[in-house]
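Trainee: Provided below: work.cif, containing mmCIF, C-alpha atoms, pLDDT in the B column; chains and numbers go by the auth columns.
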```
data_query
#
loop_
_atom_site.group_PDB
_atom_site.id
_atom_site.type_symbol
_atom_site.label_atom_id
_atom_site.label_comp_id
_atom_site.label_asym_id
_atom_site.label_seq_id
_atom_site.Cartn_x
_atom_site.Cartn_y
_atom_site.Cartn_z
_atom_site.B_iso_or_equiv
_atom_site.auth_seq_id
_atom_site.auth_asym_id
ATOM 1 C CA MET A 1 135.528 81.291 118.441 64.00 125 V
ATOM 2 C CA ARG A 2 132.940 78.623 117.693 76.00 126 V
ATOM 3 C CA SER A 3 133.828 75.006 117.153 78.00 127 V
ATOM 4 C CA GLY A 4 130.667 74.327 115.156 81.00 128 V
ATOM 5 C CA ILE A 5 126.923 74.856 114.850 85.00 129 V
ATOM 6 C CA ARG A 6 123.942 72.853 116.065 84.00 130 V
ATOM 7 C CA PRO A 7 120.762 73.753 114.136 84.00 131 V
ATOM 8 C CA ARG A 8 117.921 73.648 116.705 81.00 132 V
ATOM 9 C CA GLY A 9 118.408 70.214 118.237 74.00 133 V
ATOM 10 C CA GLY A 10 119.808 68.775 115.004 80.00 134 V
ATOM 11 C CA PRO A 11 123.244 67.305 114.384 86.00 135 V
ATOM 12 C CA PHE A 12 126.442 69.074 115.449 89.00 136 V
ATOM 13 C CA ILE A 13 128.265 70.384 112.389 89.00 137 V
ATOM 14 C CA PRO A 14 131.939 71.223 113.017 88.00 138 V
ATOM 15 C CA VAL A 15 133.396 74.401 111.515 88.00 139 V
ATOM 16 C CA SER A 16 135.819 72.185 109.567 90.00 140 V
ATOM 17 C CA GLU A 17 132.867 71.233 107.294 90.00 141 V
ATOM 18 C CA ILE A 18 131.999 74.905 106.697 92.00 142 V
ATOM 19 C CA THR A 19 134.034 76.968 104.245 92.00 143 V
ATOM 20 C CA LEU A 20 134.507 80.560 105.453 92.00 144 V
ATOM 21 C CA ARG A 21 135.527 83.091 102.823 91.00 145 V
ATOM 22 C CA ALA A 22 136.378 86.724 103.503 90.00 146 V
ATOM 23 C CA SER A 23 136.062 89.552 101.006 88.00 147 V
ATOM 24 C CA ARG A 24 135.681 93.311 101.015 83.00 148 V
ATOM 25 C CA SER A 25 132.379 94.506 102.378 77.00 149 V
ATOM 26 C CA SER A 26 129.994 97.064 100.934 74.00 150 V
ATOM 27 C CA GLY A 27 128.573 97.631 104.410 60.00 151 V
ATOM 28 C CA PRO A 28 129.600 100.008 107.213 62.00 152 V
ATOM 29 C CA GLY A 29 133.183 101.081 107.855 62.00 153 V
ATOM 30 C CA GLY A 30 133.807 104.184 105.739 62.00 154 V
ATOM 31 C CA GLN A 31 137.328 104.351 104.337 64.00 155 V
ATOM 32 C CA HIS A 32 138.208 101.410 106.588 65.00 156 V
ATOM 33 C CA ALA A 33 135.998 99.195 104.341 60.00 157 V
ATOM 34 C CA ASN A 34 138.349 99.744 101.413 67.00 158 V
ATOM 35 C CA VAL A 35 141.245 97.974 103.117 73.00 159 V
ATOM 36 C CA THR A 36 139.578 95.302 105.300 77.00 160 V
ATOM 37 C CA ALA A 37 138.073 92.026 104.147 84.00 161 V
ATOM 38 C CA SER A 38 135.254 92.049 106.698 85.00 162 V
ATOM 39 C CA ARG A 39 132.494 90.425 104.621 89.00 163 V
ATOM 40 C CA ILE A 40 132.157 86.735 105.503 92.00 164 V
ATOM 41 C CA GLU A 41 130.529 84.061 103.393 94.00 165 V
ATOM 42 C CA ALA A 42 129.842 80.729 105.123 94.00 166 V
ATOM 43 C CA VAL A 43 129.331 77.837 102.686 95.00 167 V
ATOM 44 C CA PHE A 44 128.188 74.385 103.801 94.00 168 V
ATOM 45 C CA ASP A 45 128.325 71.460 101.371 94.00 169 V
ATOM 46 C CA ALA A 46 125.437 69.280 102.532 91.00 170 V
ATOM 47 C CA GLY A 47 126.148 66.626 99.911 87.00 171 V
ATOM 48 C CA ARG A 48 129.594 65.864 101.356 89.00 172 V
ATOM 49 C CA SER A 49 128.888 66.355 105.065 88.00 173 V
ATOM 50 C CA ALA A 50 129.912 63.466 107.317 89.00 174 V
ATOM 51 C CA SER A 51 127.970 64.806 110.315 89.00 175 V
ATOM 52 C CA LEU A 52 124.531 64.441 108.675 89.00 176 V
ATOM 53 C CA THR A 53 122.476 61.284 108.358 90.00 177 V
ATOM 54 C CA GLN A 54 121.266 60.327 104.891 93.00 178 V
ATOM 55 C CA ALA A 55 117.725 61.493 105.711 91.00 179 V
ATOM 56 C CA GLU A 56 118.966 64.886 106.996 91.00 180 V
ATOM 57 C CA ARG A 57 121.203 65.292 103.953 92.00 181 V
ATOM 58 C CA GLU A 58 118.299 64.571 101.584 93.00 182 V
ATOM 59 C CA ARG A 59 115.973 66.957 103.436 92.00 183 V
ATOM 60 C CA ILE A 60 118.504 69.819 103.266 92.00 184 V
ATOM 61 C CA ILE A 61 119.297 69.174 99.595 93.00 185 V
ATOM 62 C CA ARG A 62 115.588 69.020 98.723 93.00 186 V
ATOM 63 C CA LYS A 63 114.813 72.314 100.502 93.00 187 V
ATOM 64 C CA LEU A 64 118.011 74.371 100.056 92.00 188 V
ATOM 65 C CA GLY A 65 120.120 72.608 97.447 93.00 189 V
ATOM 66 C CA PRO A 66 123.465 70.818 97.780 93.00 190 V
ATOM 67 C CA THR A 67 125.352 73.897 99.025 93.00 191 V
ATOM 68 C CA VAL A 68 123.943 76.273 101.632 94.00 192 V
ATOM 69 C CA THR A 69 125.370 79.800 101.805 94.00 193 V
ATOM 70 C CA ALA A 70 125.021 82.558 104.399 95.00 194 V
ATOM 71 C CA VAL A 71 126.625 85.996 104.086 94.00 195 V
ATOM 72 C CA ALA A 72 127.264 88.693 106.703 93.00 196 V
ATOM 73 C CA GLN A 73 128.645 92.174 106.134 89.00 197 V
ATOM 74 C CA ASP A 74 126.651 94.061 108.783 86.00 198 V
ATOM 75 C CA ALA A 75 129.478 94.754 111.236 87.00 199 V
ATOM 76 C CA ARG A 76 132.851 96.425 110.767 83.00 200 V
ATOM 77 C CA SER A 77 134.618 93.536 112.435 87.00 201 V
ATOM 78 C CA GLN A 78 135.450 90.355 110.551 88.00 202 V
ATOM 79 C CA ALA A 79 135.022 88.313 113.753 91.00 203 V
ATOM 80 C CA ARG A 80 131.500 89.667 114.338 93.00 204 V
ATOM 81 C CA ASN A 81 130.534 89.030 110.706 93.00 205 V
ATOM 82 C CA ARG A 82 131.872 85.474 111.061 92.00 206 V
ATOM 83 C CA GLU A 83 129.549 84.896 114.029 93.00 207 V
ATOM 84 C CA LEU A 84 126.613 86.451 112.150 94.00 208 V
ATOM 85 C CA ALA A 85 127.254 84.295 109.072 94.00 209 V
ATOM 86 C CA LEU A 86 127.412 81.126 111.196 93.00 210 V
ATOM 87 C CA GLU A 87 124.184 82.122 113.016 93.00 211 V
ATOM 88 C CA ARG A 88 122.418 82.678 109.681 95.00 212 V
ATOM 89 C CA LEU A 89 123.692 79.380 108.313 94.00 213 V
ATOM 90 C CA GLU A 90 122.508 77.656 111.494 93.00 214 V
ATOM 91 C CA ALA A 91 119.035 79.232 111.116 94.00 215 V
ATOM 92 C CA LYS A 92 118.781 78.165 107.456 94.00 216 V
ATOM 93 C CA LEU A 93 119.758 74.596 108.282 93.00 217 V
ATOM 94 C CA ALA A 94 117.350 74.498 111.235 92.00 218 V
ATOM 95 C CA GLY A 95 114.512 75.560 108.929 92.00 219 V
ATOM 96 C CA ALA A 96 115.411 72.897 106.394 91.00 220 V
ATOM 97 C CA LEU A 97 115.760 70.151 109.013 91.00 221 V
ATOM 98 C CA ALA A 98 112.464 70.968 110.739 90.00 222 V
ATOM 99 C CA VAL A 99 109.922 68.219 110.139 87.00 223 V
ATOM 100 C CA PRO A 100 106.438 69.713 109.747 86.00 224 V
ATOM 101 C CA ARG A 101 103.821 68.324 112.096 91.00 225 V
ATOM 102 C CA ARG A 102 101.113 66.206 110.494 94.00 226 V
ATOM 103 C CA ARG A 103 97.762 67.934 110.208 93.00 227 V
ATOM 104 C CA ARG A 104 94.975 66.316 112.138 94.00 228 V
ATOM 105 C CA PRO A 105 91.795 66.701 110.089 94.00 229 V
ATOM 106 C CA THR A 106 88.998 68.489 111.933 94.00 230 V
ATOM 107 C CA ARG A 107 85.385 69.229 111.132 95.00 231 V
ATOM 108 C CA PRO A 108 83.891 72.716 111.230 95.00 232 V
ATOM 109 C CA THR A 109 81.659 73.392 114.238 96.00 233 V
ATOM 110 C CA ARG A 110 77.920 73.673 113.769 97.00 234 V
ATOM 111 C CA ALA A 111 78.036 77.379 114.700 97.00 235 V
ATOM 112 C CA SER A 112 80.742 78.130 112.099 97.00 236 V
ATOM 113 C CA GLY A 113 78.729 76.270 109.460 97.00 237 V
ATOM 114 C CA GLU A 114 75.602 78.272 110.339 97.00 238 V
ATOM 115 C CA ARG A 115 77.590 81.547 110.213 98.00 239 V
ATOM 116 C CA ARG A 116 78.894 80.591 106.766 97.00 240 V
ATOM 117 C CA ILE A 117 75.402 79.833 105.423 98.00 241 V
ATOM 118 C CA LYS A 118 74.033 83.054 106.955 98.00 242 V
ATOM 119 C CA ALA A 119 76.821 85.103 105.328 98.00 243 V
ATOM 120 C CA LYS A 120 76.146 83.425 101.956 98.00 244 V
ATOM 121 C CA LYS A 121 72.447 84.262 102.189 98.00 245 V
ATOM 122 C CA GLN A 122 73.199 87.891 103.089 97.00 246 V
ATOM 123 C CA ARG A 123 75.602 88.179 100.153 97.00 247 V
ATOM 124 C CA SER A 124 73.041 86.618 97.827 97.00 248 V
ATOM 125 C CA GLU A 125 70.324 88.994 99.073 96.00 249 V
ATOM 126 C CA ARG A 126 72.582 92.028 98.604 96.00 250 V
ATOM 127 C CA LYS A 127 73.383 91.020 95.025 96.00 251 V
ATOM 128 C CA ARG A 128 69.713 90.298 94.278 93.00 252 V
ATOM 129 C CA GLU A 129 68.773 93.811 95.468 92.00 253 V
ATOM 130 C CA ARG A 130 71.368 95.361 93.143 94.00 254 V
ATOM 131 C CA ARG A 131 69.776 93.843 90.027 91.00 255 V
ATOM 132 C CA LYS A 132 67.579 95.879 87.720 88.00 256 V
ATOM 133 C CA PRO A 133 63.927 95.348 88.452 85.00 257 V
ATOM 134 C CA ASP A 134 62.141 92.853 86.248 81.00 258 V
ATOM 135 C CA PRO A 135 59.645 94.697 83.924 80.00 259 V
ATOM 136 C CA GLY A 136 56.988 92.048 84.639 76.00 260 V
ATOM 137 C CA GLU A 137 57.051 92.760 88.410 66.00 261 V
ATOM 138 C CA TYR A 138 54.903 95.919 88.186 62.00 262 V
#
```
Represent the structure from my file as C-alpha coordinates, please.
Mentor:
Amino acid sequence: MRSGIRPRGGPFIPVSEITLRASRSSGPGGQHANVTASRIEAVFDAGRSASLTQAERERIIRKLGPTVTAVAQDARSQARNRELALERLEAKLAGALAVPRRRRPTRPTRASGERRIKAKKQRSERKRERRKPDPGEY
(Lines of atoms letter the chains of each structure in order from A and count residues from 1; the text may use other names and numbers.)
(Lines give C-alpha, C1' and ligand atoms only; values in the text may rest on other atoms or scores of the structure.)
Protein backbone atom coordinates (compact mmCIF):
# COMPACT_ATOMS: atom_id res chain seq x y z
CA MET A 1 0.00 0.00 0.00
CA ARG A 2 1.39 3.38 -1.03
CA SER A 3 1.80 6.24 1.38
CA GLY A 4 1.70 8.84 -1.40
CA ILE A 5 2.85 9.82 -4.87
CA ARG A 6 5.82 11.82 -6.12
CA PRO A 7 5.24 13.13 -9.67
CA ARG A 8 8.63 12.89 -11.43
CA GLY A 9 10.89 14.71 -8.99
CA GLY A 10 8.08 17.00 -7.83
CA PRO A 11 6.61 17.33 -4.35
CA PHE A 12 5.54 14.31 -2.30
CA ILE A 13 1.75 14.17 -2.09
CA PRO A 14 0.43 11.96 0.72
CA VAL A 15 -2.54 9.67 0.05
CA SER A 16 -4.44 11.60 2.74
CA GLU A 17 -4.77 14.48 0.22
CA ILE A 18 -6.16 12.13 -2.46
CA THR A 19 -9.78 11.02 -2.31
CA LEU A 20 -10.20 7.39 -3.41
CA ARG A 21 -13.71 6.33 -4.39
CA ALA A 22 -14.74 2.80 -5.31
CA SER A 23 -17.67 1.88 -7.53
CA ARG A 24 -18.79 -1.00 -9.70
CA SER A 25 -16.66 -1.53 -12.76
CA SER A 26 -17.74 -2.05 -16.34
CA GLY A 27 -14.41 -3.76 -17.04
CA PRO A 28 -13.31 -7.40 -16.72
CA GLY A 29 -14.66 -9.78 -14.09
CA GLY A 30 -17.77 -11.42 -15.57
CA GLN A 31 -20.49 -12.04 -13.00
CA HIS A 32 -17.97 -11.10 -10.31
CA ALA A 33 -18.16 -7.47 -11.58
CA ASN A 34 -21.80 -7.24 -10.53
CA VAL A 35 -20.99 -7.65 -6.84
CA THR A 36 -17.54 -6.03 -6.44
CA ALA A 37 -16.74 -2.34 -6.35
CA SER A 38 -13.42 -2.67 -8.16
CA ARG A 39 -13.43 0.58 -10.15
CA ILE A 40 -11.28 3.21 -8.42
CA GLU A 41 -11.44 6.95 -8.94
CA ALA A 42 -8.56 8.98 -7.49
CA VAL A 43 -9.39 12.68 -7.04
CA PHE A 44 -6.79 15.27 -6.05
CA ASP A 45 -7.88 18.77 -5.04
CA ALA A 46 -4.94 20.91 -6.14
CA GLY A 47 -6.52 24.10 -4.82
CA ARG A 48 -6.51 22.83 -1.22
CA SER A 49 -3.27 20.83 -1.23
CA ALA A 50 -0.83 21.68 1.56
CA SER A 51 2.05 19.77 -0.06
CA LEU A 52 2.26 22.03 -3.14
CA THR A 53 3.94 25.40 -3.39
CA GLN A 54 1.88 28.30 -4.71
CA ALA A 55 3.67 28.15 -8.08
CA GLU A 56 3.06 24.38 -8.42
CA ARG A 57 -0.58 24.81 -7.42
CA GLU A 58 -1.09 27.54 -10.03
CA ARG A 59 0.63 25.50 -12.75
CA ILE A 60 -1.57 22.44 -12.07
CA ILE A 61 -4.76 24.52 -11.91
CA ARG A 62 -3.86 26.32 -15.15
CA LYS A 63 -3.17 23.06 -17.02
CA LEU A 64 -5.61 20.56 -15.45
CA GLY A 65 -8.08 22.56 -13.39
CA PRO A 66 -8.61 22.70 -9.62
CA THR A 67 -9.42 18.99 -9.27
CA VAL A 68 -7.46 16.26 -11.04
CA THR A 69 -9.12 12.88 -11.54
CA ALA A 70 -7.75 9.50 -12.61
CA VAL A 71 -9.87 6.36 -13.02
CA ALA A 72 -8.87 2.69 -13.23
CA GLN A 73 -11.13 -0.27 -13.91
CA ASP A 74 -8.71 -2.43 -15.92
CA ALA A 75 -8.09 -5.16 -13.33
CA ARG A 76 -10.49 -7.39 -11.42
CA SER A 77 -8.85 -6.50 -8.14
CA GLN A 78 -9.69 -3.30 -6.30
CA ALA A 79 -6.12 -3.12 -4.93
CA ARG A 80 -4.60 -3.31 -8.43
CA ASN A 81 -7.02 -0.67 -9.74
CA ARG A 82 -6.07 1.55 -6.79
CA GLU A 83 -2.40 1.32 -7.79
CA LEU A 84 -3.26 1.99 -11.45
CA ALA A 85 -5.37 5.03 -10.54
CA LEU A 86 -2.57 6.46 -8.37
CA GLU A 87 -0.02 5.84 -11.17
CA ARG A 88 -2.26 7.65 -13.67
CA LEU A 89 -2.81 10.54 -11.28
CA GLU A 90 0.95 10.73 -10.72
CA ALA A 91 1.56 10.83 -14.50
CA LYS A 92 -1.03 13.59 -15.01
CA LEU A 93 0.47 15.70 -12.24
CA ALA A 94 4.00 15.12 -13.56
CA GLY A 95 2.91 16.37 -16.98
CA ALA A 96 1.31 19.46 -15.49
CA LEU A 97 4.30 20.24 -13.25
CA ALA A 98 6.87 19.83 -16.04
CA VAL A 99 8.38 23.19 -16.96
CA PRO A 100 9.02 23.36 -20.71
CA ARG A 101 12.58 24.18 -21.70
CA ARG A 102 13.11 27.58 -23.30
CA ARG A 103 13.70 27.46 -27.03
CA ARG A 104 17.05 28.73 -28.15
CA PRO A 105 16.55 30.51 -31.47
CA THR A 106 18.67 29.11 -34.29
CA ARG A 107 19.28 30.13 -37.87
CA PRO A 108 18.80 27.79 -40.82
CA THR A 109 22.03 26.50 -42.36
CA ARG A 110 23.13 27.77 -45.75
CA ALA A 111 22.59 24.30 -47.26
CA SER A 112 19.00 24.08 -45.94
CA GLY A 113 18.28 27.56 -47.31
CA GLU A 114 19.66 26.57 -50.73
CA ARG A 115 17.59 23.35 -50.70
CA ARG A 116 14.47 25.39 -49.90
CA ILE A 117 15.09 27.83 -52.77
CA LYS A 118 15.85 24.96 -55.16
CA ALA A 119 12.60 23.19 -54.19
CA LYS A 120 10.64 26.43 -54.69
CA LYS A 121 12.11 26.89 -58.16
CA GLN A 122 11.30 23.29 -59.11
CA ARG A 123 7.73 23.71 -57.89
CA SER A 124 7.40 26.98 -59.80
CA GLU A 125 8.78 25.37 -62.97
CA ARG A 126 6.39 22.42 -62.67
CA LYS A 127 3.39 24.73 -62.30
CA ARG A 128 4.57 26.91 -65.20
CA GLU A 129 4.76 23.83 -67.46
CA ARG A 130 1.18 22.87 -66.56
CA ARG A 131 -0.23 26.17 -67.85
CA LYS A 132 -1.93 26.43 -71.22
CA PRO A 133 0.41 27.71 -73.86
CA ASP A 134 0.18 31.41 -74.63
CA PRO A 135 -1.34 31.92 -78.16
CA GLY A 136 1.29 34.58 -78.93
CA GLU A 137 4.18 32.12 -78.38
CA TYR A 138 3.82 30.42 -81.79
Trainee: Have a look at V:Arg212, V:Arg181, V:Arg130, V:Arg250 and name the one nearest to Ala196 (chain V); count only C-alpha atoms.
Mentor: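 That would be V:Arg212, the residue with the smallest distance to Ala196 (chain V).
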Trainee: Taking the file as shown, find all residues satisfying the PyMOL selection byres ((chain V and resi 148) around 8) and write them as a list in words.
Mentor: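 After applying the PyMOL selection byres ((chain V and resi 148) around 8), what remains is Ala146, Ser147, Ser149, Ser150, Ala157, Asn158, Val159, Thr160, Ala161, Ser162 and Arg163 of chain V.
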Trainee: Please, which residues are within 10 Å of (117.9, 71.9, 117.4) by the file's coordinates, counting only C-alpha atoms, and could they come as JSON, numbers by chain?
Mentor: {"V": [129, 130, 131, 132, 133, 134, 135, 136, 214, 215, 217, 218, 219, 221, 222]}
Trainee: Please return the centre and edge lengths, in Å to one decimal, of a box with edges along x, y and z that contains all listed atoms of region 231-240 of chain V, widened by 8 Å on every side, as JSON.
Mentor:
```
{"center_x": 80.5, "center_y": 75.4, "center_z": 110.7, "size_x": 25.8, "size_y": 28.3, "size_z": 23.9}
```
Trainee: Find, counting only C-alpha atoms, the residue in V:Glu180, V:Arg239, V:Thr193, V:Pro257 that gets nearest to Glu211 (chain V).
Mentor: V:Thr193
Trainee: Which one is closest to Ser173 (chain V): V:Asn205, V:Gln197, V:Thr143, V:Ser236? Count only C-alpha atoms.
Mentor: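 Closest to Ser173 (chain V) of all the choices is V:Thr143.
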Trainee: List the residues selected by the PyMOL selection byres ((chain V and resi 145) around 6) in the file shown, writing them as a list in words.
Mentor: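 This file, filtered by the PyMOL selection byres ((chain V and resi 145) around 6), leaves Leu144, Ala146, Ile164 and Glu165 of chain V.
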